[in-house]
>>> print(open('work-v1.cif').read())   # mmCIF, C-alpha atoms and all ligand atoms
data_work
#
loop_
_atom_site.group_PDB
_atom_site.id
_atom_site.type_symbol
_atom_site.label_atom_id
_atom_site.label_comp_id
_atom_site.auth_asym_id
_atom_site.auth_seq_id
_atom_site.Cartn_x
_atom_site.Cartn_y
_atom_site.Cartn_z
ATOM 1 C CA MET A 1 69.213 151.980 95.087
ATOM 2 C CA LYS A 2 66.128 153.951 95.910
ATOM 3 C CA PHE A 3 65.131 156.647 93.432
ATOM 4 C CA TYR A 4 62.432 158.666 95.110
ATOM 5 C CA ALA A 5 60.894 161.493 93.108
ATOM 6 C CA ASN A 6 59.410 164.552 94.783
ATOM 7 C CA TRP A 7 57.143 166.190 92.210
ATOM 8 C CA LYS A 8 56.074 168.990 94.576
ATOM 9 C CA LEU A 9 53.329 171.123 93.015
ATOM 10 C CA ASN A 10 53.980 169.915 89.470
ATOM 11 C CA LYS A 11 51.994 168.076 86.799
ATOM 12 C CA THR A 12 48.395 168.069 85.643
ATOM 13 C CA SER A 13 46.689 164.737 85.003
ATOM 14 C CA LEU A 14 47.704 164.946 81.317
ATOM 15 C CA ASP A 15 51.338 165.618 82.251
ATOM 16 C CA THR A 16 51.195 162.614 84.589
ATOM 17 C CA ILE A 17 49.795 160.377 81.865
ATOM 18 C CA ALA A 18 52.521 161.541 79.452
ATOM 19 C CA PHE A 19 55.211 160.819 82.061
ATOM 20 C CA PHE A 20 54.006 157.272 82.651
ATOM 21 C CA GLN A 21 53.501 156.557 78.953
ATOM 22 C CA GLU A 22 57.241 156.962 78.689
ATOM 23 C CA PHE A 23 58.306 155.673 82.102
ATOM 24 C CA ASN A 24 56.239 152.485 81.889
ATOM 25 C CA LYS A 25 58.340 151.344 78.904
ATOM 26 C CA PHE A 26 61.404 151.296 81.137
ATOM 27 C CA SER A 27 62.140 148.109 83.034
ATOM 28 C CA LEU A 28 63.635 148.652 86.411
ATOM 29 C CA ASN A 29 66.597 146.747 87.665
ATOM 30 C CA ASN A 30 65.772 144.301 90.502
ATOM 31 C CA THR A 31 68.017 146.151 92.899
ATOM 32 C CA ASP A 32 66.390 149.543 92.261
ATOM 33 C CA GLU A 33 63.196 150.924 93.722
ATOM 34 C CA VAL A 34 61.173 153.922 92.512
ATOM 35 C CA CYS A 35 58.573 155.894 94.442
ATOM 36 C CA ILE A 36 56.919 159.037 93.102
ATOM 37 C CA PHE A 37 55.674 161.492 95.714
ATOM 38 C CA VAL A 38 52.759 163.417 94.249
ATOM 39 C CA SER A 39 50.241 166.003 95.370
ATOM 40 C CA SER A 40 47.236 164.214 93.825
ATOM 41 C CA PRO A 41 47.695 160.453 94.222
ATOM 42 C CA LEU A 42 44.427 159.331 92.648
ATOM 43 C CA ILE A 43 45.342 159.833 89.013
ATOM 44 C CA THR A 44 48.892 158.606 89.578
ATOM 45 C CA THR A 45 47.972 155.322 91.241
ATOM 46 C CA ALA A 46 45.577 154.618 88.372
ATOM 47 C CA ILE A 47 48.236 154.808 85.661
ATOM 48 C CA ALA A 48 51.610 154.139 87.245
ATOM 49 C CA SER A 49 53.427 150.948 86.351
ATOM 50 C CA SER A 50 53.364 148.176 88.895
ATOM 51 C CA ASN A 51 57.042 148.458 89.758
ATOM 52 C CA VAL A 52 56.640 152.057 90.930
ATOM 53 C CA SER A 53 55.046 152.964 94.225
ATOM 54 C CA ILE A 54 53.200 156.197 94.830
ATOM 55 C CA GLY A 55 53.751 158.384 97.848
ATOM 56 C CA ALA A 56 52.170 161.478 99.355
ATOM 57 C CA GLN A 57 54.155 164.617 100.146
ATOM 58 C CA ASN A 58 52.475 165.258 103.484
ATOM 59 C CA ILE A 59 49.782 164.066 105.899
ATOM 60 C CA ALA A 60 47.625 165.858 108.435
ATOM 61 C CA VAL A 61 48.711 165.730 112.044
ATOM 62 C CA LYS A 62 45.419 164.000 112.966
ATOM 63 C CA THR A 63 43.224 161.384 111.340
ATOM 64 C CA TRP A 64 39.987 163.298 111.784
ATOM 65 C CA GLY A 65 38.623 166.666 112.799
ATOM 66 C CA ALA A 66 38.241 170.210 111.571
ATOM 67 C CA LEU A 67 41.417 170.520 109.532
ATOM 68 C CA THR A 68 40.245 172.195 106.329
ATOM 69 C CA GLY A 69 42.570 171.611 103.410
ATOM 70 C CA GLU A 70 44.472 168.695 104.962
ATOM 71 C CA THR A 71 44.560 165.026 103.911
ATOM 72 C CA SER A 72 44.819 162.258 106.480
ATOM 73 C CA VAL A 73 47.050 159.207 106.481
ATOM 74 C CA GLU A 74 43.920 157.057 106.138
ATOM 75 C CA GLN A 75 42.904 158.991 103.043
ATOM 76 C CA ILE A 76 46.306 158.765 101.380
ATOM 77 C CA ALA A 77 46.515 155.038 102.170
ATOM 78 C CA ASP A 78 43.037 154.612 100.701
ATOM 79 C CA LEU A 79 44.264 156.303 97.501
ATOM 80 C CA GLY A 80 47.026 153.704 97.199
ATOM 81 C CA CYS A 81 49.960 155.617 98.674
ATOM 82 C CA GLU A 82 52.563 153.326 100.184
ATOM 83 C CA GLN A 83 54.857 156.027 101.498
ATOM 84 C CA VAL A 84 54.792 159.596 102.744
ATOM 85 C CA LEU A 85 57.343 162.386 103.090
ATOM 86 C CA VAL A 86 57.482 163.909 106.543
ATOM 87 C CA GLY A 87 59.409 167.040 107.496
ATOM 88 C CA HIS A 88 60.421 168.213 104.045
ATOM 89 C CA SER A 89 62.192 171.567 104.453
ATOM 90 C CA GLU A 90 59.492 173.293 102.401
ATOM 91 C CA ARG A 91 56.939 172.094 104.969
ATOM 92 C CA ARG A 92 59.185 173.166 107.839
ATOM 93 C CA ASN A 93 60.036 176.585 106.408
ATOM 94 C CA GLN A 94 56.969 177.634 104.436
ATOM 95 C CA PHE A 95 54.244 175.972 106.489
ATOM 96 C CA GLY A 96 55.795 176.410 109.927
ATOM 97 C CA GLU A 97 56.073 172.688 110.669
ATOM 98 C CA THR A 98 57.933 172.366 113.926
ATOM 99 C CA ASP A 99 59.858 169.380 115.275
ATOM 100 C CA ASP A 100 56.880 168.750 117.583
ATOM 101 C CA VAL A 101 54.403 168.574 114.687
ATOM 102 C CA ILE A 102 56.775 166.266 112.829
ATOM 103 C CA ALA A 103 57.039 164.025 115.927
ATOM 104 C CA GLU A 104 53.217 163.840 116.066
ATOM 105 C CA LYS A 105 53.023 162.819 112.401
ATOM 106 C CA MET A 106 55.739 160.212 112.872
ATOM 107 C CA SER A 107 53.901 158.830 115.875
ATOM 108 C CA LEU A 108 50.579 158.691 114.018
ATOM 109 C CA LEU A 109 52.173 156.851 111.097
ATOM 110 C CA GLN A 110 53.261 153.881 113.132
ATOM 111 C CA ASN A 111 49.611 152.762 113.319
ATOM 112 C CA TYR A 112 49.402 152.474 109.524
ATOM 113 C CA ASP A 113 51.004 150.383 106.870
ATOM 114 C CA VAL A 114 52.562 153.437 105.223
ATOM 115 C CA LYS A 115 56.339 153.899 105.051
ATOM 116 C CA VAL A 116 57.917 157.227 105.983
ATOM 117 C CA VAL A 117 60.712 159.210 104.410
ATOM 118 C CA LEU A 118 61.809 161.577 107.175
ATOM 119 C CA CYS A 119 63.570 164.613 105.692
ATOM 120 C CA VAL A 120 66.315 166.335 107.668
ATOM 121 C CA GLY A 121 69.009 168.845 106.798
ATOM 122 C CA GLU A 122 70.714 172.084 107.728
ATOM 123 C CA LYS A 123 70.233 175.623 106.442
ATOM 124 C CA LEU A 124 73.267 177.387 105.017
ATOM 125 C CA GLU A 125 73.799 179.402 108.200
ATOM 126 C CA GLU A 126 73.681 176.171 110.246
ATOM 127 C CA ARG A 127 76.428 174.501 108.248
ATOM 128 C CA GLU A 128 79.047 174.837 110.997
ATOM 129 C CA ASN A 129 77.056 172.762 113.475
ATOM 130 C CA MET A 130 75.041 170.845 110.923
ATOM 131 C CA LEU A 131 75.350 167.463 112.606
ATOM 132 C CA ASP A 132 73.886 168.833 115.856
ATOM 133 C CA ILE A 133 70.959 170.204 113.852
ATOM 134 C CA ILE A 134 70.405 166.922 111.998
ATOM 135 C CA TYR A 135 70.705 164.766 115.122
ATOM 136 C CA ARG A 136 68.217 167.018 116.929
ATOM 137 C CA GLN A 137 65.755 166.758 114.024
ATOM 138 C CA ILE A 138 66.043 162.953 114.032
ATOM 139 C CA LYS A 139 65.779 162.600 117.826
ATOM 140 C CA LYS A 140 62.738 164.868 118.007
ATOM 141 C CA ALA A 141 61.023 163.176 115.061
ATOM 142 C CA LEU A 142 61.495 159.723 116.586
ATOM 143 C CA SER A 143 60.756 160.757 120.169
ATOM 144 C CA LYS A 144 57.165 159.479 120.161
ATOM 145 C CA ARG A 145 57.763 156.277 118.228
ATOM 146 C CA THR A 146 57.676 152.948 119.970
ATOM 147 C CA ASP A 147 58.886 151.130 116.883
ATOM 148 C CA LEU A 148 61.291 152.267 114.205
ATOM 149 C CA LYS A 149 60.188 150.071 111.325
ATOM 150 C CA ASN A 150 59.487 151.449 107.856
ATOM 151 C CA ILE A 151 61.498 154.639 108.206
ATOM 152 C CA VAL A 152 64.011 155.984 105.693
ATOM 153 C CA ILE A 153 65.972 159.191 106.331
ATOM 154 C CA ALA A 154 66.472 161.693 103.499
ATOM 155 C CA TYR A 155 69.401 164.025 104.147
ATOM 156 C CA GLU A 156 68.606 167.219 102.249
ATOM 157 C CA PRO A 157 70.679 170.340 102.940
ATOM 158 C CA VAL A 158 68.124 173.160 102.667
ATOM 159 C CA TRP A 159 70.556 175.321 100.681
ATOM 160 C CA ALA A 160 70.973 172.570 98.071
ATOM 161 C CA ILE A 161 67.265 172.150 97.280
ATOM 162 C CA GLY A 162 66.402 173.536 93.862
ATOM 163 C CA THR A 163 69.529 175.712 93.760
ATOM 164 C CA GLY A 164 71.952 173.700 91.641
ATOM 165 C CA LEU A 165 74.349 173.757 94.611
ATOM 166 C CA THR A 166 75.398 170.581 96.425
ATOM 167 C CA PRO A 167 77.912 169.524 99.041
ATOM 168 C CA THR A 168 80.910 167.674 97.594
ATOM 169 C CA THR A 169 80.681 163.900 97.198
ATOM 170 C CA LYS A 170 83.060 163.526 100.163
ATOM 171 C CA GLU A 171 80.958 165.852 102.328
ATOM 172 C CA ILE A 172 77.791 163.897 101.498
ATOM 173 C CA GLU A 173 79.580 160.646 102.271
ATOM 174 C CA ASP A 174 80.815 161.928 105.652
ATOM 175 C CA THR A 175 77.328 163.152 106.580
ATOM 176 C CA ILE A 176 75.659 159.894 105.556
ATOM 177 C CA ILE A 177 78.173 157.898 107.616
ATOM 178 C CA SER A 178 77.641 160.203 110.618
ATOM 179 C CA ILE A 179 73.835 159.946 110.412
ATOM 180 C CA LYS A 180 73.985 156.158 110.132
ATOM 181 C CA SER A 181 76.329 155.762 113.068
ATOM 182 C CA PHE A 182 74.285 158.211 115.168
ATOM 183 C CA ILE A 183 71.133 156.151 114.538
ATOM 184 C CA ASN A 184 72.969 152.959 115.190
ATOM 185 C CA SER A 185 74.392 154.093 118.519
ATOM 186 C CA GLU A 186 71.208 155.844 119.646
ATOM 187 C CA TYR A 187 68.657 153.178 118.619
ATOM 188 C CA GLY A 188 70.718 150.088 117.821
ATOM 189 C CA ILE A 189 69.369 149.720 114.291
ATOM 190 C CA ASN A 190 70.422 150.444 110.725
ATOM 191 C CA MET A 191 68.245 152.877 108.823
ATOM 192 C CA PRO A 192 68.546 153.573 105.091
ATOM 193 C CA VAL A 193 69.702 157.118 104.283
ATOM 194 C CA LEU A 194 69.077 158.970 101.012
ATOM 195 C CA TYR A 195 70.594 162.179 99.710
ATOM 196 C CA GLY A 196 68.458 164.938 98.174
ATOM 197 C CA GLY A 197 69.163 168.421 96.855
ATOM 198 C CA SER A 198 69.978 169.316 93.248
ATOM 199 C CA VAL A 199 70.694 165.732 92.174
ATOM 200 C CA ASN A 200 71.070 165.821 88.396
ATOM 201 C CA LEU A 201 72.616 163.995 85.456
ATOM 202 C CA GLN A 202 75.954 165.741 85.973
ATOM 203 C CA ASN A 203 76.461 164.716 89.614
ATOM 204 C CA VAL A 204 74.476 161.495 90.083
ATOM 205 C CA LYS A 205 77.228 159.150 88.922
ATOM 206 C CA ASP A 206 79.666 160.547 91.445
ATOM 207 C CA PHE A 207 77.101 160.408 94.228
ATOM 208 C CA LYS A 208 76.262 156.800 93.366
ATOM 209 C CA SER A 209 79.845 155.896 94.224
ATOM 210 C CA ILE A 210 79.132 156.703 97.903
ATOM 211 C CA LYS A 211 79.118 153.244 99.388
ATOM 212 C CA ASP A 212 76.853 153.922 102.369
ATOM 213 C CA LEU A 213 74.229 155.804 100.400
ATOM 214 C CA ASP A 214 70.914 153.995 99.849
ATOM 215 C CA GLY A 215 69.479 156.276 97.181
ATOM 216 C CA PHE A 216 68.172 159.712 96.317
ATOM 217 C CA LEU A 217 65.223 162.057 96.775
ATOM 218 C CA ILE A 218 65.029 163.929 93.497
ATOM 219 C CA GLY A 219 62.929 166.998 92.735
ATOM 220 C CA GLY A 220 63.390 168.919 89.477
ATOM 221 C CA ALA A 221 65.375 166.183 87.705
ATOM 222 C CA SER A 222 62.598 163.627 88.202
ATOM 223 C CA LEU A 223 59.902 165.526 86.315
ATOM 224 C CA ASP A 224 60.914 164.511 82.822
ATOM 225 C CA ALA A 225 60.591 160.738 82.318
ATOM 226 C CA SER A 226 63.575 160.308 80.005
ATOM 227 C CA ASN A 227 65.786 162.430 82.260
ATOM 228 C CA PHE A 228 64.668 160.448 85.318
ATOM 229 C CA ILE A 229 65.376 157.158 83.523
ATOM 230 C CA LYS A 230 68.864 158.405 82.595
ATOM 231 C CA LEU A 231 69.478 159.257 86.246
ATOM 232 C CA ILE A 232 68.476 155.767 87.338
ATOM 233 C CA GLU A 233 70.652 154.203 84.664
ATOM 234 C CA ALA A 234 73.691 156.481 85.137
HETATM 235 P P1 LIG A 301 65.637 169.216 93.940
HETATM 236 O O1 LIG A 301 64.581 168.938 95.111
HETATM 237 O O2 LIG A 301 66.141 167.895 93.451
HETATM 238 O O3 LIG A 301 64.856 169.954 92.896
HETATM 239 O O4 LIG A 301 66.735 170.057 94.534
HETATM 240 C C1 LIG A 301 64.788 167.918 96.060
HETATM 241 C C2 LIG A 301 63.701 167.914 97.104
HETATM 242 O O5 LIG A 301 63.148 168.976 97.414
HETATM 243 O O6 LIG A 301 63.355 166.856 97.658
#
>>> encode(input="work-v1.cif", output="structure tokens", more="lines below")
Ligand code: PGA
Amino acid sequence: MKFYANWKLNKTSLDTIAFFQEFNKFSLNNTDEVCIFVSSPLITTAIASSNVSIGAQNIAVKTWGALTGETSVEQIADLGCEQVLVGHSERRNQFGETDDVIAEKMSLLQNYDVKVVLCVGEKLEERENMLDIIYRQIKKALSKRTDLKNIVIAYEPVWAIGTGLTPTTKEIEDTIISIKSFINSEYGINMPVLYGGSVNLQNVKDFKSIKDLDGFLIGGASLDASNFIKLIEA
């Protein structure tokens, strides 16, 4: 399974070193894959173990120009990032990222050897027609792509992120199956789908039993190395 960690705005360089001192002792199962999405890739790529890839949490909508404060896909690739999160709900809701901006970023990424984790999910008040919301987010995000390689979907209900609340295992399973069959009928391909939102040691075992699930995007519970290892091993 994929265990993707979203560290958000956490960890100094010393915290990062301490994490990897512990995490690097852990040997990953062949069937598992770990990527850590960080805000400052340079330090992380220098010390991470070789079986962990490093990802960025965002990229600029262009590769050049007057975009103060942004980092381009070329720059994150240069720093050793193999993956990037696009459309995380915190980007959509706190930074005003629209479906159009997300489509631009997805389009830009297909020119680079950087994999994408496209985040989608409904707000609490959208729960009744959540699948329409999710399908629209996916369709818009993929609308400017001419190829659909190197894309993973992360289904993250906005109301479950950082709240301790989650859908039931059955609800997650139904949503994952719906997303996969939507992608299959719309584009004729299979795309891996992750679940994210308050994944923790108490619920991860149950969620792992979901047959169609390809892994997790984990925020808070990925910050402590021993806790993250326990999640992977659960
Ligand atoms: P959480 O965050 O695990 O802390 O809920 C998940 C995410 O934002 O990707």
>>> residues_near_ligand(input="work-v1.cif", ligand="ligand LIG 301 (chain A)", cutoff="12 Å", atoms="only C-alpha atoms and all ligand atoms", output="ChimeraX atom specification")
/A:3-10,36-38,57,85-92,117-121,153-166,194-201,203-204,216-223,228,231
>>> atom_distance(input="work-v1.cif", atom1="CA of Phe23 (chain A)", atom2="CA of Asp224 (chain A)")
9.2 Å
>>> residues_around(input="work-v1.cif", residues="Glu173 (chain A)", least_positions_apart="2", cutoff="8 Å", atoms="all atoms listed in the file", output="compact mmCIF listing (two decimals) with C-alpha atoms, keeping the file's coordinate frame")
# COMPACT_ATOMS: atom_id res chain seq x y z
CA THR A 169 80.68 163.90 97.20
CA LYS A 170 83.06 163.53 100.16
CA GLU A 171 80.96 165.85 102.33
CA THR A 175 77.33 163.15 106.58
CA ILE A 176 75.66 159.89 105.56
CA ILE A 177 78.17 157.90 107.62
CA ILE A 210 79.13 156.70 97.90
CA LYS A 211 79.12 153.24 99.39
CA ASP A 212 76.85 153.92 102.37
CA LEU A 213 74.23 155.80 100.40
>>> resolve_selection(input="work-v1.cif", expression="the PyMOL selection byres (((chain A and resi 99-107) around 12) and not hetatm)", output="PyMOL selection string")
chain A and resi 58-63+72-73+84-89+91-93+95-98+108-112+114-120+133-152
>>> residues_near_point(input="work-v1.cif", point="(49.0, 165.5, 91.3)", cutoff="8 Å", atoms="only C-alpha atoms", output="list in words")
Leu9, Asn10, Lys11, Thr12, Ser13, Thr16, Val38, Ser39, Ser40, Pro41, Leu42, Ile43 and Thr44 of chain A
>>> axis_aligned_box(input="work-v1.cif", around="region 203-217 of chain A", padding_each_side="3 Å", output="lines of an AutoDock Vina configuration file")
center_x = 72.5
center_y = 159.0
center_z = 95.6
size_x = 20.6
size_y = 17.5
size_z = 19.4
>>> closest_residue(input="work-v1.cif", among="A:Ala77, A:Ile232, A:Val193, A:Ala56", to="Asp32 (chain A)", atoms="only C-alpha atoms")
A:Ile232
>>> atom_distance(input="work-v1.cif", atom1="CA of Gln83 (chain A)", atom2="CA of Glu126 (chain A)")
28.9 Å
>>> atom_distance(input="work-v1.cif", atom1="CA of Ala46 (chain A)", atom2="CA of Pro192 (chain A)")
28.4 Å
>>> residues_near_point(input="work-v1.cif", point="(52.9, 155.7, 92.0)", cutoff="9 Å", atoms="all atoms listed in the file", output="PyMOL selection string")
chain A and resi 34-38+41+44-55+80-82
>>> closest_residue(input="work-v1.cif", among="A:Gln75, A:Phe26, A:Ala66, A:Phe20", to="Lys230 (chain A)", atoms="all atoms listed in the file")
A:Phe26
>>> closest_residue(input="work-v1.cif", among="A:Ala234, A:Ile76, A:Ile229, A:Asp132", to="Lys25 (chain A)", atoms="only C-alpha atoms")
A:Ile229
>>> decode(input="work-v1.cif", residues="region 160-172 of chain A", atoms="N, CA, C and O atoms", output="PDB file, in the first residue's frame")
ATOM      1  N   ALA A 160     -13.224  15.685   7.359  1.00  0.00           N
ATOM      2  CA  ALA A 160     -12.487  14.643   8.101  1.00  0.00           C
ATOM      3  C   ALA A 160     -11.027  15.042   8.334  1.00  0.00           C
ATOM      4  O   ALA A 160     -10.325  14.404   9.113  1.00  0.00           O
ATOM      5  N   ILE A 161     -10.579  16.114   7.681  1.00  0.00           N
ATOM      6  CA  ILE A 161      -9.157  16.472   7.765  1.00  0.00           C
ATOM      7  C   ILE A 161      -8.850  17.164   9.087  1.00  0.00           C
ATOM      8  O   ILE A 161      -9.418  18.225   9.395  1.00  0.00           O
ATOM      9  N   GLY A 162      -8.010  16.520   9.880  1.00  0.00           N
ATOM     10  CA  GLY A 162      -7.566  17.107  11.144  1.00  0.00           C
ATOM     11  C   GLY A 162      -8.638  17.210  12.215  1.00  0.00           C
ATOM     12  O   GLY A 162      -8.451  17.897  13.213  1.00  0.00           O
ATOM     13  N   THR A 163      -9.764  16.539  12.020  1.00  0.00           N
ATOM     14  CA  THR A 163     -10.879  16.682  12.980  1.00  0.00           C
ATOM     15  C   THR A 163     -11.063  15.474  13.885  1.00  0.00           C
ATOM     16  O   THR A 163     -11.780  15.545  14.874  1.00  0.00           O
ATOM     17  N   GLY A 164     -10.476  14.350  13.535  1.00  0.00           N
ATOM     18  CA  GLY A 164     -10.732  13.118  14.280  1.00  0.00           C
ATOM     19  C   GLY A 164     -12.003  12.418  13.796  1.00  0.00           C
ATOM     20  O   GLY A 164     -12.330  11.325  14.234  1.00  0.00           O
ATOM     21  N   LEU A 165     -12.724  13.051  12.877  1.00  0.00           N
ATOM     22  CA  LEU A 165     -13.938  12.440  12.322  1.00  0.00           C
ATOM     23  C   LEU A 165     -13.590  11.731  11.021  1.00  0.00           C
ATOM     24  O   LEU A 165     -12.727  12.209  10.273  1.00  0.00           O
ATOM     25  N   THR A 166     -14.267  10.637  10.737  1.00  0.00           N
ATOM     26  CA  THR A 166     -14.063   9.956   9.442  1.00  0.00           C
ATOM     27  C   THR A 166     -15.399   9.386   8.969  1.00  0.00           C
ATOM     28  O   THR A 166     -16.292   9.155   9.797  1.00  0.00           O
ATOM     29  N   PRO A 167     -15.528   9.118   7.696  1.00  0.00           N
ATOM     30  CA  PRO A 167     -16.662   8.300   7.254  1.00  0.00           C
ATOM     31  C   PRO A 167     -16.482   6.885   7.827  1.00  0.00           C
ATOM     32  O   PRO A 167     -15.388   6.556   8.310  1.00  0.00           O
ATOM     33  N   THR A 168     -17.504   6.066   7.760  1.00  0.00           N
ATOM     34  CA  THR A 168     -17.335   4.671   8.192  1.00  0.00           C
ATOM     35  C   THR A 168     -16.490   3.925   7.141  1.00  0.00           C
ATOM     36  O   THR A 168     -16.348   4.401   5.994  1.00  0.00           O
ATOM     37  N   THR A 169     -15.987   2.777   7.541  1.00  0.00           N
ATOM     38  CA  THR A 169     -15.186   1.969   6.600  1.00  0.00           C
ATOM     39  C   THR A 169     -16.012   1.653   5.350  1.00  0.00           C
ATOM     40  O   THR A 169     -15.521   1.744   4.225  1.00  0.00           O
ATOM     41  N   LYS A 170     -17.290   1.320   5.561  1.00  0.00           N
ATOM     42  CA  LYS A 170     -18.173   0.988   4.429  1.00  0.00           C
ATOM     43  C   LYS A 170     -18.378   2.204   3.515  1.00  0.00           C
ATOM     44  O   LYS A 170     -18.373   2.086   2.289  1.00  0.00           O
ATOM     45  N   GLU A 171     -18.538   3.372   4.129  1.00  0.00           N
ATOM     46  CA  GLU A 171     -18.729   4.589   3.315  1.00  0.00           C
ATOM     47  C   GLU A 171     -17.469   4.880   2.486  1.00  0.00           C
ATOM     48  O   GLU A 171     -17.559   5.253   1.321  1.00  0.00           O
ATOM     49  N   ILE A 172     -16.302   4.713   3.117  1.00  0.00           N
ATOM     50  CA  ILE A 172     -15.053   4.950   2.365  1.00  0.00           C
ATOM     51  C   ILE A 172     -14.974   3.949   1.208  1.00  0.00           C
ATOM     52  O   ILE A 172     -14.685   4.315   0.070  1.00  0.00           O
TER      53      ILE A 172
END
